[in-house]
Amino acid sequence: MVSTVWRGTLTVGLLSLGVSLYSARERHGPTMHQFVRGTDHRVRYRKVDEETGKDVSSRDIVKGAKVDSDEYVILEPEDLAGLAPGKSRSMEITGFVPADSVDPVWYSNAYFLSPQDQSAAKPYRLLCAVLERTGRAALATMVMRDREHLVLVGPQQGVLAASTLFWPDEIRAPSDVMPPIADATISERDLGLAEQLVEAMAEDWDPEQHEDVYQKRLQELIEAKSAGRTVRHAEERPAQEGTVVELTDALRKTLKERKGGRARAPEPRRSEESAKGPAARGARRSKKKAEPSEEDLAGMTKKELLRRAQELDVPGRSKMSREDLESAVRERISA
């Protein structure tokens with residue numbers, strides 16, 4: 001069992017429940033240390049008193065905030081705890097926002113939120129269910145590890161997940177970190193070809209289809225060197241130019257490779273069709289599809305069933321097993 005990161009109370013109005021935070025992510029891969037080349041001498045990092053050269057234990061270390069070139073203010077743990085006496089053990093919900101309204105750049109760390117005891121199970125399930133039904137996420141604040149955090153709480157895989165967010169003054173504007181991008185006129189022809197390419201490569205999000213190839217090869221390299229075997233490196237892909245000379249030709253060639261046929265720019269869209277947007281066009285195409293028979297569903301992969309469930313707007317499809325997906329799709333078709 002993963003250790004608890006934080007324990008406290010989740011509150012919304014007069015409703016409160018004891019909760020625990022658990023880290024939702026972990027990094028995999030072999031443990032790497034540093035050595036002096038040509039020796040077996042480890043390179044280590046130590047906490048040392050710069051005046052005496054002696055090691056210092058963590059319990060004897062306090063924090064100091066720099067206020068001048070050579071002057072610091074020492075802060076004891078009780079000083080920091082006094083800044084927000086109640087908040088250090090409380091996650092207070094201040095409002096509910098659309099679940100998809102927060103851009104990825106705001107997200108920092110992800111956690112799973114668990115009820116601390118049986119009495120918290122019912123309000124926990126209620127909050128999870130109402131957020132699922134309304135498509136909203138709870139916006140909250142909490143203090144953890146000497147910092148106040150903005151937190152977004154929402155349903156994930158049947159439980160509540162909490163994601164800490166950056167504060168507004170911590171998010172950089174593009175103009176602060178990168179040079180300005182030159183203006184460019186995009187033709188309807190290029191936009192149409194690009195849209196064809198996107199639709200040709202469209203797929204549902206399935207994390208099981210992705211693999212950390214680098215870590216796999218690193219583990220194979222370690223095992224090979226440990227066994228004294230010769231290491232064969234993967235063939236390096238030829239470097240590609242960063243600038244496309246002729247955008248239209250590049251789009252055509254890429255689309256042709258993806259579709260296995262001839263790519264041509266589509267006719268300009270009528271204003272009525274454009275107003276409807278891609279979602280409406282996708283819905284129209286879905287209606288034209290012949291409904292799959294029971295035998296077709298039985299032969300579908302999970303990925304294919306997920307795509308069909310998306311077309312039929314089956315709720316909770318991302319959490320279903322293949323068998324559940326098949327049953328839900330069959331039930332929706334026959335309804």
# chains A, B, ... in the order shown; residues from 1 in each chain; ligands from 1
>>> select_by_dssp(residues="stretch 67-230 of chain A", states="helix (DSSP H, G or I)", output="VMD selection string")
chain A and resid 77 to 81 87 to 89 104 to 106 118 to 134 168 to 170 174 to 177 188 to 200 207 to 209 213 to 226
>>> closest_residue(among="A:Ala227, A:Met144, A:Trp167, A:Arg232", to="A:Leu80", atoms="only C-alpha atoms")
A:Met144
>>> closest_residue(among="A:Thr11, A:Ser108, A:Thr39, A:Thr230", to="A:Leu127", atoms="only C-alpha atoms")
A:Thr11
>>> select_by_dssp(residues="stretch 78-191 of chain A", states="strand (DSSP E or B)", output="number ranges by chain")
A: 90-98, 107-115, 136-144, 147-156, 159-165
>>> write_last_selection(atoms="C-alpha atoms", output="PDB file, in the first residue's frame")
ATOM      1  CA  SER A  90      -8.461  21.269   5.738  1.00  0.00           C
ATOM      2  CA  MET A  91      -9.247  21.158   2.014  1.00  0.00           C
ATOM      3  CA  GLU A  92     -12.002  23.729   1.572  1.00  0.00           C
ATOM      4  CA  ILE A  93     -14.147  23.654  -1.584  1.00  0.00           C
ATOM      5  CA  THR A  94     -14.867  27.191  -2.793  1.00  0.00           C
ATOM      6  CA  GLY A  95     -16.777  26.478  -6.000  1.00  0.00           C
ATOM      7  CA  PHE A  96     -17.487  24.112  -8.894  1.00  0.00           C
ATOM      8  CA  VAL A  97     -16.140  24.675 -12.411  1.00  0.00           C
ATOM      9  CA  PRO A  98     -16.620  22.792 -15.711  1.00  0.00           C
ATOM     10  CA  TYR A 107      -1.786  21.059 -13.585  1.00  0.00           C
ATOM     11  CA  SER A 108       1.049  20.250 -11.163  1.00  0.00           C
ATOM     12  CA  ASN A 109       0.681  16.940  -9.253  1.00  0.00           C
ATOM     13  CA  ALA A 110      -2.052  14.290  -9.187  1.00  0.00           C
ATOM     14  CA  TYR A 111      -3.406  12.397  -6.176  1.00  0.00           C
ATOM     15  CA  PHE A 112      -6.187   9.967  -5.325  1.00  0.00           C
ATOM     16  CA  LEU A 113      -8.521  11.077  -2.547  1.00  0.00           C
ATOM     17  CA  SER A 114      -9.753   8.403  -0.131  1.00  0.00           C
ATOM     18  CA  PRO A 115     -12.292   8.555   2.730  1.00  0.00           C
ATOM     19  CA  ARG A 136     -17.996  19.686 -12.996  1.00  0.00           C
ATOM     20  CA  ALA A 137     -14.956  19.631 -10.720  1.00  0.00           C
ATOM     21  CA  ALA A 138     -14.594  21.106  -7.249  1.00  0.00           C
ATOM     22  CA  LEU A 139     -12.147  23.968  -6.806  1.00  0.00           C
ATOM     23  CA  ALA A 140     -10.510  23.965  -3.380  1.00  0.00           C
ATOM     24  CA  THR A 141      -7.532  25.259  -1.403  1.00  0.00           C
ATOM     25  CA  MET A 142      -5.293  23.433   1.048  1.00  0.00           C
ATOM     26  CA  VAL A 143      -1.930  23.778   2.775  1.00  0.00           C
ATOM     27  CA  MET A 144       0.573  20.965   2.269  1.00  0.00           C
ATOM     28  CA  ARG A 147       2.684  25.796   0.722  1.00  0.00           C
ATOM     29  CA  GLU A 148      -0.898  26.705  -0.010  1.00  0.00           C
ATOM     30  CA  HIS A 149      -2.223  24.881  -3.059  1.00  0.00           C
ATOM     31  CA  LEU A 150      -5.073  25.448  -5.458  1.00  0.00           C
ATOM     32  CA  VAL A 151      -6.724  22.041  -5.958  1.00  0.00           C
ATOM     33  CA  LEU A 152      -9.131  20.611  -8.516  1.00  0.00           C
ATOM     34  CA  VAL A 153     -11.156  17.622  -7.272  1.00  0.00           C
ATOM     35  CA  GLY A 154     -13.056  15.417  -9.709  1.00  0.00           C
ATOM     36  CA  PRO A 155     -14.111  11.803 -10.434  1.00  0.00           C
ATOM     37  CA  GLN A 156     -11.475   9.493 -11.898  1.00  0.00           C
ATOM     38  CA  VAL A 159     -12.940   7.516  -7.105  1.00  0.00           C
ATOM     39  CA  LEU A 160     -12.138  11.156  -6.407  1.00  0.00           C
ATOM     40  CA  ALA A 161      -8.843  12.521  -7.703  1.00  0.00           C
ATOM     41  CA  ALA A 162      -7.208  15.759  -6.581  1.00  0.00           C
ATOM     42  CA  SER A 163      -4.844  17.700  -8.826  1.00  0.00           C
ATOM     43  CA  THR A 164      -2.805  20.571  -7.426  1.00  0.00           C
ATOM     44  CA  LEU A 165      -2.672  23.581  -9.737  1.00  0.00           C
TER      45      LEU A 165
END
>>> residues_around(residues="A:Gln310", least_positions_apart="4", cutoff="12 Å", atoms="only C-alpha atoms", output="number ranges by chain")
A: 203-205, 282-283, 286, 303-306, 314-318, 325, 328-329, 332
>>> write_last_selection(atoms="C-alpha atoms", output="mmCIF file, in the first residue's frame")
data_model
loop_
_atom_site.group_PDB
_atom_site.id
_atom_site.type_symbol
_atom_site.label_atom_id
_atom_site.label_comp_id
_atom_site.auth_asym_id
_atom_site.auth_seq_id
_atom_site.Cartn_x
_atom_site.Cartn_y
_atom_site.Cartn_z
ATOM 1 C CA GLU A 203 -8.265 7.558 -32.458
ATOM 2 C CA ASP A 204 -9.616 7.194 -28.945
ATOM 3 C CA TRP A 205 -7.285 7.727 -26.003
ATOM 4 C CA GLY A 282 -19.162 13.430 -37.236
ATOM 5 C CA ALA A 283 -22.685 12.794 -35.954
ATOM 6 C CA SER A 286 -22.229 8.091 -37.599
ATOM 7 C CA LYS A 303 -10.299 -0.065 -29.027
ATOM 8 C CA GLU A 304 -12.959 -0.533 -31.722
ATOM 9 C CA LEU A 305 -15.661 -0.965 -29.095
ATOM 10 C CA LEU A 306 -14.505 2.213 -27.352
ATOM 11 C CA VAL A 314 -22.265 5.480 -23.751
ATOM 12 C CA PRO A 315 -21.621 6.982 -20.267
ATOM 13 C CA GLY A 316 -18.649 5.723 -18.241
ATOM 14 C CA ARG A 317 -17.136 3.943 -21.263
ATOM 15 C CA SER A 318 -13.526 4.826 -20.430
ATOM 16 C CA LEU A 325 -18.194 -2.266 -23.427
ATOM 17 C CA ALA A 328 -23.239 -1.503 -23.213
ATOM 18 C CA VAL A 329 -22.906 -0.989 -26.976
ATOM 19 C CA ARG A 332 -27.579 1.042 -26.673
#
>>> residues_around(residues="A:Asp212", least_positions_apart="6", cutoff="12 Å", atoms="only C-alpha atoms", output="ChimeraX atom specification")
/A:27-29,218-219
>>> residues_around(residues="A:Gly18", least_positions_apart="3", cutoff="9 Å", atoms="only C-alpha atoms", output="ChimeraX atom specification")
/A:7-11,114-117,119-120
>>> closest_residue(among="A:Gly192, A:Pro207, A:Pro30, A:Pro168", to="A:Trp106", atoms="only C-alpha atoms")
A:Pro168
>>> atom_distance(atom1="atom CA of A:Ser23", atom2="atom CA of A:Ser3")
8.4 Å
>>> residues_around(residues="A:Val43", least_positions_apart="5", cutoff="12 Å", atoms="only C-alpha atoms", output="PyMOL selection string")
chain A and resi 32-37
>>> write_last_selection(atoms="C-alpha atoms", output="compact mmCIF listing (two decimals), in the first residue's frame")
# COMPACT_ATOMS: atom_id res chain seq x y z
CA MET A 32 20.73 4.90 -11.20
CA HIS A 33 23.61 6.25 -9.06
CA GLN A 34 26.65 8.33 -9.89
CA PHE A 35 30.21 6.96 -9.83
CA VAL A 36 33.67 8.38 -10.43
CA ARG A 37 34.65 7.14 -13.91
